[in-house]
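Have a look at the structure below, then the notes.
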Amino acid sequence: MTALEVRHLHKRYGRRVAVDDVSFTVEEGEIFGIIGSNGAGKTTTVESIAGLRTPDSGSISVLGLDPVADRAEVRERLGVQLQESSFPDAITVAEALELYGSFYREPGDWRELMELLGLTGQRNTRYKALSGGQKQRLSIALALVGSPKVAILDELTTGLDPQARRDTWRLIERVRDTGVTILLVTHFMDEAERLSDRIAVIDGGRVAAVDTPAGLIAQTSALQQVRFRVDQPLDKTVLTELPDVNQVEVVEGRWSVTGTGQLLSSVAGALARAEVVAHDLRVDQGNLDDAFLAFTGRAPESPAQLRKEG
């Protein structure tokens, strides 16, 4: 079943085109990632899905509803955690959850949600005293307190330390396991690759590609590289004649074999037949950073760049 459907979405601000003919679908139970550089159109797209912005043209369906025409009903079924979220310093975790729960016809049990997200110990902690990771957990909890079928999580882990990011990833997976469809907007390639079932790459307001993480990588980076050292003489032709091998280089005793397909198995088998033992063997393959670069022509922003921009 389709949870979200975006068709030919357009949105401009004055002369600047923010979103230009964006289309994609999200199936129920998916974690669907949206990746792109700053200004690519990611946030405008998800704010249009949430009914916070009115598209200039195109259509959006959230569980069969229009976010503008059916705003009240969509609000009951869609949870949103936006990139810029702030709360009164003096409000406690429990007060925030109880208050937000009162906005919905059939809210979830905010006490169970607090337990699910590991916030029970901070029940009476004021917002200003929460750590960055705890504030992010609270943002997720508030997005889920209405028992939504779909949740939008926008730049969830920007500014968090590595351990807090990984803890947040596990929480997202637990939330998906409860049956919530998640639209995840992120700058971080490792986050998108780890969590997403499928990913849309948005560049310059357009969708450059939609596929699984592995599919995006395979489209743009089929090459693999096997590196190793040997202590015995080895004739290059043992490797260059293999059908999966494109290139063999030896630099200061370090062998580098580039190719496609079942490269590692082919190289390992050839070395075994030649009775040569490989040391310090490693395999390098393409990743989502490489795919992003191929589709957009630019590298993803680094965490340091994001902190500077923020």
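Residues in the structure tokens are named by chain (A, B, ... in the order shown) and by number from 1 within that chain; ligands are numbered from 1 in the order shown.
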
Running DSSP on the backbone, which parts of range 25-139 of chain A land in helix (DSSP H, G or I), as a ChimeraX atom specification?
/A:42-49,71-77,93-101,110-116,120-122,127-129,132-139

Could you pull the residues within 7 Å of Glu76 in chain A, counting only C-alpha atoms, minus those fewer than 4 positions along the same chain, as number ranges by chain?
A: 72, 104, 146, 148

Same residues, N, CA and C atoms, output as an mmCIF file, in the first residue's frame:
```cif
data_model
loop_
_atom_site.group_PDB
_atom_site.id
_atom_site.type_symbol
_atom_site.label_atom_id
_atom_site.label_comp_id
_atom_site.auth_asym_id
_atom_site.auth_seq_id
_atom_site.Cartn_x
_atom_site.Cartn_y
_atom_site.Cartn_z
ATOM 1 N N ALA A 72 -6.881 19.118 8.398
ATOM 2 C CA ALA A 72 -7.174 18.654 9.756
ATOM 3 C C ALA A 72 -7.012 17.139 9.869
ATOM 4 N N TYR A 104 -4.679 15.892 19.839
ATOM 5 C CA TYR A 104 -5.160 14.841 18.940
ATOM 6 C C TYR A 104 -6.412 14.171 19.484
ATOM 7 N N GLY A 146 0.737 11.560 18.639
ATOM 8 C CA GLY A 146 -0.600 11.472 18.065
ATOM 9 C C GLY A 146 -0.909 10.140 17.413
ATOM 10 N N PRO A 148 0.651 8.602 14.837
ATOM 11 C CA PRO A 148 0.563 8.791 13.379
ATOM 12 C C PRO A 148 0.864 7.501 12.625
#
```

Which distance in Å separates CA of Val46 in chain A and CA of Ile152 in chain A, to one decimal?
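Between CA of Val46 in chain A and CA of Ile152 in chain A the gap is 7.4 Å.
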
Ranking A:Val6, A:Ile202, A:Ala218, A:Val145 by minimum distance to Asn38 in chain A and counting only C-alpha atoms, which one comes first?
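For Asn38 in chain A, the nearest of the given residues is A:Ile202.
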
With distances taken over only C-alpha atoms, which of A:Leu52, A:Val62, A:Leu138, A:Ala272 is nearest to Val93 in chain A?
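Of all the options, A:Leu138 lies closest to Val93 in chain A.
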
Closest to Glu275 in chain A among A:Pro233, A:Pro243, A:Gly259, A:Gly51, using only C-alpha atoms?
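Checking each of A:Pro233, A:Pro243, A:Gly259, A:Gly51 against Glu275 in chain A, counting only C-alpha atoms, the winner is A:Pro233.
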
Considering only C-alpha atoms, can you say which of A:Val17, A:Ala209, A:Ala40, A:Ile31 comes closest to Ile172 in chain A?
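For Ile172 in chain A, the nearest of the given residues is A:Ile31.
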
With only C-alpha atoms as the atoms that count, which of A:Arg174, A:Lys128, A:Arg198, A:Lys42 lies nearest to Ser86 in chain A?
A:Lys128
